[in-house]
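The structure under discussion appears below in the form of structure tokens.
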Amino acid sequence: LLVGSGRIAEHISALSRRHPEANIEVIGCLDDDPLQLSDDAPRVLGGLSDLPSILAAGGVDRVVVCFSQASDREIANALRTCDARDVPLDMVPR
């Protein structure tokens with residue numbers, strides 16, 4: 001699951017499709033102000049406030065924060081949500 005919907009999210013999604021041997025499936029992205037760059041961009045599943053319910057539904061093995069427009073506070077809350085559910089979280093550095 002990606003947090004952010006810009007070029008980096010699109011790039012990560014494209015890489016996962018080009019390298020199926022890595023066993024990475026991008027299920028979609030969360031963004032309060034989504035950017036759709038192309039038809040190949042990951043599907044927007046909701047906003048950052050939807051993260052707890054999406055994690056509770058299961059099927060998310062990892063969350064990657066990639067240049068989200070979200071505030072530092074919102075990202076920190078996302079970090080705590082992932083930690084509470086034992087879901088690993090990665091951040092693409094700015």
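Note on naming: chains are A, B, ... as they come in the structure tokens, residues start from 1 per chain, ligands start from 1 in the order shown.
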Can you list, as a ChimeraX atom specification, every protein, DNA or RNA residue that comes within 12 Å of Ser13 in chain A when you count only C-alpha atoms, leaving out same-chain residues fewer than 4 positions away?
/A:1-9,17-20,24-29,38-43,64,66
Return as a PDB file with all heavy atoms, in the first residue's frame the full set of residues in chain A whose backbone-based DSSP assignment is alpha helix (DSSP H).
ATOM      1  N   ARG A   7       4.358  11.033  -8.822  1.00  0.00           N
ATOM      2  CA  ARG A   7       5.286  10.323  -9.717  1.00  0.00           C
ATOM      3  C   ARG A   7       6.032   9.186  -9.036  1.00  0.00           C
ATOM      4  O   ARG A   7       6.270   8.145  -9.652  1.00  0.00           O
ATOM      5  CB  ARG A   7       6.295  11.305 -10.304  1.00  0.00           C
ATOM      6  CG  ARG A   7       5.678  12.295 -11.250  1.00  0.00           C
ATOM      7  CD  ARG A   7       6.772  13.143 -11.920  1.00  0.00           C
ATOM      8  NE  ARG A   7       6.209  14.254 -12.641  1.00  0.00           N
ATOM      9  CZ  ARG A   7       5.640  14.163 -13.834  1.00  0.00           C
ATOM     10  NH1 ARG A   7       5.568  12.990 -14.423  1.00  0.00           N
ATOM     11  NH2 ARG A   7       5.147  15.229 -14.425  1.00  0.00           N
ATOM     12  N   ILE A   8       6.406   9.354  -7.775  1.00  0.00           N
ATOM     13  CA  ILE A   8       7.140   8.291  -7.069  1.00  0.00           C
ATOM     14  C   ILE A   8       6.237   7.077  -6.880  1.00  0.00           C
ATOM     15  O   ILE A   8       6.665   5.939  -7.097  1.00  0.00           O
ATOM     16  CB  ILE A   8       7.688   8.798  -5.723  1.00  0.00           C
ATOM     17  CG1 ILE A   8       8.648   9.977  -5.935  1.00  0.00           C
ATOM     18  CG2 ILE A   8       8.360   7.673  -4.950  1.00  0.00           C
ATOM     19  CD1 ILE A   8       9.842   9.653  -6.811  1.00  0.00           C
ATOM     20  N   ALA A   9       4.991   7.287  -6.488  1.00  0.00           N
ATOM     21  CA  ALA A   9       4.048   6.171  -6.342  1.00  0.00           C
ATOM     22  C   ALA A   9       3.861   5.461  -7.678  1.00  0.00           C
ATOM     23  O   ALA A   9       3.845   4.232  -7.757  1.00  0.00           O
ATOM     24  CB  ALA A   9       2.710   6.678  -5.805  1.00  0.00           C
ATOM     25  N   GLU A  10       3.730   6.241  -8.731  1.00  0.00           N
ATOM     26  CA  GLU A  10       3.571   5.668 -10.066  1.00  0.00           C
ATOM     27  C   GLU A  10       4.814   4.866 -10.453  1.00  0.00           C
ATOM     28  O   GLU A  10       4.713   3.766 -11.008  1.00  0.00           O
ATOM     29  CB  GLU A  10       3.318   6.785 -11.071  1.00  0.00           C
ATOM     30  CG  GLU A  10       2.998   6.291 -12.458  1.00  0.00           C
ATOM     31  CD  GLU A  10       2.635   7.436 -13.391  1.00  0.00           C
ATOM     32  OE1 GLU A  10       3.246   8.522 -13.304  1.00  0.00           O
ATOM     33  OE2 GLU A  10       1.735   7.233 -14.210  1.00  0.00           O
ATOM     34  N   HIS A  11       5.988   5.378 -10.125  1.00  0.00           N
ATOM     35  CA  HIS A  11       7.252   4.699 -10.445  1.00  0.00           C
ATOM     36  C   HIS A  11       7.366   3.379  -9.668  1.00  0.00           C
ATOM     37  O   HIS A  11       7.743   2.348 -10.233  1.00  0.00           O
ATOM     38  CB  HIS A  11       8.426   5.620 -10.142  1.00  0.00           C
ATOM     39  CG  HIS A  11       9.753   5.029 -10.454  1.00  0.00           C
ATOM     40  ND1 HIS A  11      10.170   4.803 -11.749  1.00  0.00           N
ATOM     41  CD2 HIS A  11      10.753   4.603  -9.649  1.00  0.00           C
ATOM     42  CE1 HIS A  11      11.381   4.261 -11.723  1.00  0.00           C
ATOM     43  NE2 HIS A  11      11.749   4.134 -10.457  1.00  0.00           N
ATOM     44  N   ILE A  12       7.042   3.406  -8.386  1.00  0.00           N
ATOM     45  CA  ILE A  12       7.110   2.186  -7.577  1.00  0.00           C
ATOM     46  C   ILE A  12       6.143   1.141  -8.116  1.00  0.00           C
ATOM     47  O   ILE A  12       6.479  -0.036  -8.228  1.00  0.00           O
ATOM     48  CB  ILE A  12       6.824   2.500  -6.095  1.00  0.00           C
ATOM     49  CG1 ILE A  12       7.987   3.298  -5.501  1.00  0.00           C
ATOM     50  CG2 ILE A  12       6.589   1.217  -5.304  1.00  0.00           C
ATOM     51  CD1 ILE A  12       7.719   3.850  -4.121  1.00  0.00           C
ATOM     52  N   SER A  13       4.962   1.562  -8.485  1.00  0.00           N
ATOM     53  CA  SER A  13       3.981   0.647  -9.045  1.00  0.00           C
ATOM     54  C   SER A  13       4.475   0.039 -10.359  1.00  0.00           C
ATOM     55  O   SER A  13       4.350  -1.173 -10.588  1.00  0.00           O
ATOM     56  CB  SER A  13       2.659   1.395  -9.260  1.00  0.00           C
ATOM     57  OG  SER A  13       1.663   0.527  -9.696  1.00  0.00           O
ATOM     58  N   ALA A  14       5.058   0.859 -11.213  1.00  0.00           N
ATOM     59  CA  ALA A  14       5.595   0.373 -12.488  1.00  0.00           C
ATOM     60  C   ALA A  14       6.734  -0.618 -12.263  1.00  0.00           C
ATOM     61  O   ALA A  14       6.821  -1.648 -12.943  1.00  0.00           O
ATOM     62  CB  ALA A  14       6.057   1.540 -13.345  1.00  0.00           C
ATOM     63  N   LEU A  15       7.609  -0.321 -11.308  1.00  0.00           N
ATOM     64  CA  LEU A  15       8.720  -1.234 -10.999  1.00  0.00           C
ATOM     65  C   LEU A  15       8.198  -2.586 -10.528  1.00  0.00           C
ATOM     66  O   LEU A  15       8.746  -3.630 -10.902  1.00  0.00           O
ATOM     67  CB  LEU A  15       9.625  -0.636  -9.926  1.00  0.00           C
ATOM     68  CG  LEU A  15      10.606   0.430 -10.378  1.00  0.00           C
ATOM     69  CD1 LEU A  15      11.326   1.033  -9.176  1.00  0.00           C
ATOM     70  CD2 LEU A  15      11.615  -0.141 -11.367  1.00  0.00           C
ATOM     71  N   SER A  16       7.145  -2.575  -9.727  1.00  0.00           N
ATOM     72  CA  SER A  16       6.598  -3.847  -9.232  1.00  0.00           C
ATOM     73  C   SER A  16       6.054  -4.695 -10.375  1.00  0.00           C
ATOM     74  O   SER A  16       6.157  -5.920 -10.352  1.00  0.00           O
ATOM     75  CB  SER A  16       5.522  -3.602  -8.176  1.00  0.00           C
ATOM     76  OG  SER A  16       4.352  -3.094  -8.757  1.00  0.00           O
ATOM     77  N   ARG A  17       5.480  -4.047 -11.396  1.00  0.00           N
ATOM     78  CA  ARG A  17       4.959  -4.793 -12.553  1.00  0.00           C
ATOM     79  C   ARG A  17       6.094  -5.299 -13.449  1.00  0.00           C
ATOM     80  O   ARG A  17       5.994  -6.376 -14.029  1.00  0.00           O
ATOM     81  CB  ARG A  17       4.002  -3.921 -13.357  1.00  0.00           C
ATOM     82  CG  ARG A  17       2.672  -3.683 -12.671  1.00  0.00           C
ATOM     83  CD  ARG A  17       1.662  -3.007 -13.581  1.00  0.00           C
ATOM     84  NE  ARG A  17       2.137  -1.760 -14.164  1.00  0.00           N
ATOM     85  CZ  ARG A  17       2.070  -0.573 -13.572  1.00  0.00           C
ATOM     86  NH1 ARG A  17       1.555  -0.467 -12.366  1.00  0.00           N
ATOM     87  NH2 ARG A  17       2.508   0.511 -14.183  1.00  0.00           N
ATOM     88  N   ARG A  18       7.162  -4.515 -13.574  1.00  0.00           N
ATOM     89  CA  ARG A  18       8.281  -4.925 -14.433  1.00  0.00           C
ATOM     90  C   ARG A  18       9.127  -6.030 -13.814  1.00  0.00           C
ATOM     91  O   ARG A  18       9.852  -6.718 -14.531  1.00  0.00           O
ATOM     92  CB  ARG A  18       9.187  -3.730 -14.730  1.00  0.00           C
ATOM     93  CG  ARG A  18       8.675  -2.865 -15.841  1.00  0.00           C
ATOM     94  CD  ARG A  18       9.748  -1.934 -16.349  1.00  0.00           C
ATOM     95  NE  ARG A  18      10.275  -1.118 -15.277  1.00  0.00           N
ATOM     96  CZ  ARG A  18      10.135   0.205 -15.181  1.00  0.00           C
ATOM     97  NH1 ARG A  18       9.498   0.864 -16.110  1.00  0.00           N
ATOM     98  NH2 ARG A  18      10.637   0.856 -14.171  1.00  0.00           N
ATOM     99  N   LEU A  51      -6.492   4.688   6.386  1.00  0.00           N
ATOM    100  CA  LEU A  51      -5.433   3.702   6.646  1.00  0.00           C
ATOM    101  C   LEU A  51      -5.823   2.684   7.713  1.00  0.00           C
ATOM    102  O   LEU A  51      -5.661   1.480   7.477  1.00  0.00           O
ATOM    103  CB  LEU A  51      -4.123   4.408   7.021  1.00  0.00           C
ATOM    104  CG  LEU A  51      -2.933   3.510   7.325  1.00  0.00           C
ATOM    105  CD1 LEU A  51      -2.557   2.660   6.113  1.00  0.00           C
ATOM    106  CD2 LEU A  51      -1.739   4.332   7.778  1.00  0.00           C
ATOM    107  N   PRO A  52      -6.340   3.092   8.874  1.00  0.00           N
ATOM    108  CA  PRO A  52      -6.686   2.072   9.883  1.00  0.00           C
ATOM    109  C   PRO A  52      -7.671   1.018   9.374  1.00  0.00           C
ATOM    110  O   PRO A  52      -7.475  -0.178   9.615  1.00  0.00           O
ATOM    111  CB  PRO A  52      -7.287   2.892  11.034  1.00  0.00           C
ATOM    112  CG  PRO A  52      -6.702   4.251  10.880  1.00  0.00           C
ATOM    113  CD  PRO A  52      -6.564   4.444   9.390  1.00  0.00           C
ATOM    114  N   SER A  53      -8.705   1.438   8.667  1.00  0.00           N
ATOM    115  CA  SER A  53      -9.693   0.459   8.193  1.00  0.00           C
ATOM    116  C   SER A  53      -9.118  -0.436   7.106  1.00  0.00           C
ATOM    117  O   SER A  53      -9.450  -1.627   7.043  1.00  0.00           O
ATOM    118  CB  SER A  53     -10.969   1.152   7.714  1.00  0.00           C
ATOM    119  OG  SER A  53     -10.694   2.000   6.622  1.00  0.00           O
ATOM    120  N   ILE A  54      -8.269   0.101   6.259  1.00  0.00           N
ATOM    121  CA  ILE A  54      -7.656  -0.715   5.213  1.00  0.00           C
ATOM    122  C   ILE A  54      -6.708  -1.743   5.827  1.00  0.00           C
ATOM    123  O   ILE A  54      -6.698  -2.909   5.430  1.00  0.00           O
ATOM    124  CB  ILE A  54      -6.959   0.165   4.164  1.00  0.00           C
ATOM    125  CG1 ILE A  54      -8.021   0.908   3.348  1.00  0.00           C
ATOM    126  CG2 ILE A  54      -6.044  -0.655   3.252  1.00  0.00           C
ATOM    127  CD1 ILE A  54      -7.483   1.924   2.391  1.00  0.00           C
ATOM    128  N   LEU A  55      -5.939  -1.319   6.829  1.00  0.00           N
ATOM    129  CA  LEU A  55      -5.045  -2.270   7.500  1.00  0.00           C
ATOM    130  C   LEU A  55      -5.860  -3.323   8.251  1.00  0.00           C
ATOM    131  O   LEU A  55      -5.488  -4.497   8.262  1.00  0.00           O
ATOM    132  CB  LEU A  55      -4.102  -1.545   8.454  1.00  0.00           C
ATOM    133  CG  LEU A  55      -3.064  -0.622   7.814  1.00  0.00           C
ATOM    134  CD1 LEU A  55      -2.196   0.009   8.891  1.00  0.00           C
ATOM    135  CD2 LEU A  55      -2.207  -1.360   6.792  1.00  0.00           C
ATOM    136  N   ALA A  56      -6.966  -2.913   8.865  1.00  0.00           N
ATOM    137  CA  ALA A  56      -7.804  -3.862   9.609  1.00  0.00           C
ATOM    138  C   ALA A  56      -8.424  -4.909   8.683  1.00  0.00           C
ATOM    139  O   ALA A  56      -8.635  -6.050   9.097  1.00  0.00           O
ATOM    140  CB  ALA A  56      -8.900  -3.112  10.364  1.00  0.00           C
ATOM    141  N   ALA A  57      -8.700  -4.525   7.434  1.00  0.00           N
ATOM    142  CA  ALA A  57      -9.296  -5.459   6.475  1.00  0.00           C
ATOM    143  C   ALA A  57      -8.320  -6.559   6.073  1.00  0.00           C
ATOM    144  O   ALA A  57      -8.729  -7.611   5.585  1.00  0.00           O
ATOM    145  CB  ALA A  57      -9.781  -4.711   5.241  1.00  0.00           C
ATOM    146  N   ASP A  72       3.347  16.470   8.501  1.00  0.00           N
ATOM    147  CA  ASP A  72       4.201  15.617   9.334  1.00  0.00           C
ATOM    148  C   ASP A  72       3.380  14.925  10.418  1.00  0.00           C
ATOM    149  O   ASP A  72       3.624  13.768  10.746  1.00  0.00           O
ATOM    150  CB  ASP A  72       5.323  16.445   9.968  1.00  0.00           C
ATOM    151  CG  ASP A  72       6.342  16.921   8.943  1.00  0.00           C
ATOM    152  OD1 ASP A  72       6.385  16.357   7.827  1.00  0.00           O
ATOM    153  OD2 ASP A  72       7.105  17.847   9.264  1.00  0.00           O
ATOM    154  N   ARG A  73       2.388  15.623  10.961  1.00  0.00           N
ATOM    155  CA  ARG A  73       1.534  15.037  12.000  1.00  0.00           C
ATOM    156  C   ARG A  73       0.754  13.842  11.446  1.00  0.00           C
ATOM    157  O   ARG A  73       0.643  12.799  12.088  1.00  0.00           O
ATOM    158  CB  ARG A  73       0.581  16.083  12.539  1.00  0.00           C
ATOM    159  CG  ARG A  73      -0.460  15.484  13.483  1.00  0.00           C
ATOM    160  CD  ARG A  73      -1.422  16.516  13.987  1.00  0.00           C
ATOM    161  NE  ARG A  73      -0.903  16.897  15.278  1.00  0.00           N
ATOM    162  CZ  ARG A  73      -1.247  17.966  15.944  1.00  0.00           C
ATOM    163  NH1 ARG A  73      -2.105  18.799  15.416  1.00  0.00           N
ATOM    164  NH2 ARG A  73      -0.761  18.214  17.125  1.00  0.00           N
ATOM    165  N   GLU A  74       0.205  14.007  10.246  1.00  0.00           N
ATOM    166  CA  GLU A  74      -0.556  12.912   9.636  1.00  0.00           C
ATOM    167  C   GLU A  74       0.343  11.713   9.340  1.00  0.00           C
ATOM    168  O   GLU A  74      -0.061  10.568   9.536  1.00  0.00           O
ATOM    169  CB  GLU A  74      -1.237  13.391   8.359  1.00  0.00           C
ATOM    170  CG  GLU A  74      -2.350  14.385   8.602  1.00  0.00           C
ATOM    171  CD  GLU A  74      -2.838  15.032   7.321  1.00  0.00           C
ATOM    172  OE1 GLU A  74      -2.001  15.540   6.544  1.00  0.00           O
ATOM    173  OE2 GLU A  74      -4.064  15.017   7.103  1.00  0.00           O
ATOM    174  N   ILE A  75       1.554  11.983   8.868  1.00  0.00           N
ATOM    175  CA  ILE A  75       2.494  10.891   8.605  1.00  0.00           C
ATOM    176  C   ILE A  75       2.874  10.198   9.910  1.00  0.00           C
ATOM    177  O   ILE A  75       2.941   8.963   9.971  1.00  0.00           O
ATOM    178  CB  ILE A  75       3.747  11.400   7.860  1.00  0.00           C
ATOM    179  CG1 ILE A  75       3.363  11.932   6.474  1.00  0.00           C
ATOM    180  CG2 ILE A  75       4.808  10.305   7.752  1.00  0.00           C
ATOM    181  CD1 ILE A  75       2.759  10.905   5.540  1.00  0.00           C
ATOM    182  N   ALA A  76       3.091  10.977  10.960  1.00  0.00           N
ATOM    183  CA  ALA A  76       3.423  10.383  12.264  1.00  0.00           C
ATOM    184  C   ALA A  76       2.279   9.493  12.750  1.00  0.00           C
ATOM    185  O   ALA A  76       2.520   8.404  13.282  1.00  0.00           O
ATOM    186  CB  ALA A  76       3.726  11.479  13.279  1.00  0.00           C
ATOM    187  N   ASN A  77       1.029   9.928  12.551  1.00  0.00           N
ATOM    188  CA  ASN A  77      -0.116   9.092  12.929  1.00  0.00           C
ATOM    189  C   ASN A  77      -0.137   7.810  12.115  1.00  0.00           C
ATOM    190  O   ASN A  77      -0.466   6.745  12.636  1.00  0.00           O
ATOM    191  CB  ASN A  77      -1.424   9.861  12.752  1.00  0.00           C
ATOM    192  CG  ASN A  77      -1.623  10.897  13.826  1.00  0.00           C
ATOM    193  OD1 ASN A  77      -1.055  10.812  14.917  1.00  0.00           O
ATOM    194  ND2 ASN A  77      -2.424  11.909  13.524  1.00  0.00           N
ATOM    195  N   ALA A  78       0.205   7.915  10.828  1.00  0.00           N
ATOM    196  CA  ALA A  78       0.269   6.720   9.983  1.00  0.00           C
ATOM    197  C   ALA A  78       1.341   5.760  10.490  1.00  0.00           C
ATOM    198  O   ALA A  78       1.123   4.542  10.529  1.00  0.00           O
ATOM    199  CB  ALA A  78       0.550   7.107   8.529  1.00  0.00           C
ATOM    200  N   LEU A  79       2.477   6.307  10.905  1.00  0.00           N
ATOM    201  CA  LEU A  79       3.544   5.476  11.457  1.00  0.00           C
ATOM    202  C   LEU A  79       3.056   4.723  12.693  1.00  0.00           C
ATOM    203  O   LEU A  79       3.301   3.527  12.839  1.00  0.00           O
ATOM    204  CB  LEU A  79       4.758   6.330  11.829  1.00  0.00           C
ATOM    205  CG  LEU A  79       5.531   6.971  10.681  1.00  0.00           C
ATOM    206  CD1 LEU A  79       6.510   8.000  11.226  1.00  0.00           C
ATOM    207  CD2 LEU A  79       6.250   5.922   9.876  1.00  0.00           C
ATOM    208  N   ARG A  80       2.341   5.411  13.553  1.00  0.00           N
ATOM    209  CA  ARG A  80       1.821   4.772  14.764  1.00  0.00           C
ATOM    210  C   ARG A  80       0.775   3.705  14.415  1.00  0.00           C
ATOM    211  O   ARG A  80       0.742   2.636  15.025  1.00  0.00           O
ATOM    212  CB  ARG A  80       1.231   5.819  15.709  1.00  0.00           C
ATOM    213  CG  ARG A  80       2.294   6.620  16.449  1.00  0.00           C
ATOM    214  CD  ARG A  80       1.694   7.470  17.536  1.00  0.00           C
ATOM    215  NE  ARG A  80       1.055   8.665  17.013  1.00  0.00           N
ATOM    216  CZ  ARG A  80       1.694   9.771  16.672  1.00  0.00           C
ATOM    217  NH1 ARG A  80       2.997   9.845  16.770  1.00  0.00           N
ATOM    218  NH2 ARG A  80       1.023  10.818  16.223  1.00  0.00           N
ATOM    219  N   THR A  81      -0.065   3.983  13.435  1.00  0.00           N
ATOM    220  CA  THR A  81      -1.079   3.013  13.024  1.00  0.00           C
ATOM    221  C   THR A  81      -0.425   1.737  12.500  1.00  0.00           C
ATOM    222  O   THR A  81      -0.824   0.636  12.870  1.00  0.00           O
ATOM    223  CB  THR A  81      -1.997   3.615  11.937  1.00  0.00           C
ATOM    224  OG1 THR A  81      -2.643   4.767  12.469  1.00  0.00           O
ATOM    225  CG2 THR A  81      -3.026   2.614  11.457  1.00  0.00           C
ATOM    226  N   CYS A  82       0.585   1.902  11.656  1.00  0.00           N
ATOM    227  CA  CYS A  82       1.287   0.729  11.106  1.00  0.00           C
ATOM    228  C   CYS A  82       1.991  -0.037  12.220  1.00  0.00           C
ATOM    229  O   CYS A  82       1.945  -1.269  12.256  1.00  0.00           O
ATOM    230  CB  CYS A  82       2.288   1.170  10.045  1.00  0.00           C
ATOM    231  SG  CYS A  82       1.516   1.768   8.540  1.00  0.00           S
ATOM    232  N   ASP A  83       2.634   0.695  13.133  1.00  0.00           N
ATOM    233  CA  ASP A  83       3.341   0.058  14.239  1.00  0.00           C
ATOM    234  C   ASP A  83       2.374  -0.733  15.119  1.00  0.00           C
ATOM    235  O   ASP A  83       2.661  -1.865  15.509  1.00  0.00           O
ATOM    236  CB  ASP A  83       4.076   1.121  15.056  1.00  0.00           C
ATOM    237  CG  ASP A  83       4.971   0.508  16.109  1.00  0.00           C
ATOM    238  OD1 ASP A  83       5.756  -0.406  15.767  1.00  0.00           O
ATOM    239  OD2 ASP A  83       4.884   0.932  17.287  1.00  0.00           O
ATOM    240  N   ALA A  84       1.215  -0.151  15.409  1.00  0.00           N
ATOM    241  CA  ALA A  84       0.231  -0.827  16.264  1.00  0.00           C
ATOM    242  C   ALA A  84      -0.283  -2.113  15.627  1.00  0.00           C
ATOM    243  O   ALA A  84      -0.682  -3.041  16.334  1.00  0.00           O
ATOM    244  CB  ALA A  84      -0.939   0.116  16.555  1.00  0.00           C
TER     245      ALA A  84
END
Can you measure CA of Ser49 in chain A to CA of Val63 in chain A for me? One decimal in Å is fine.
14.1 Å
Have a look at CA of Val44 in chain A and CA of Asp86 in chain A and let me know their distance in Å, one decimal.
22.9 Å
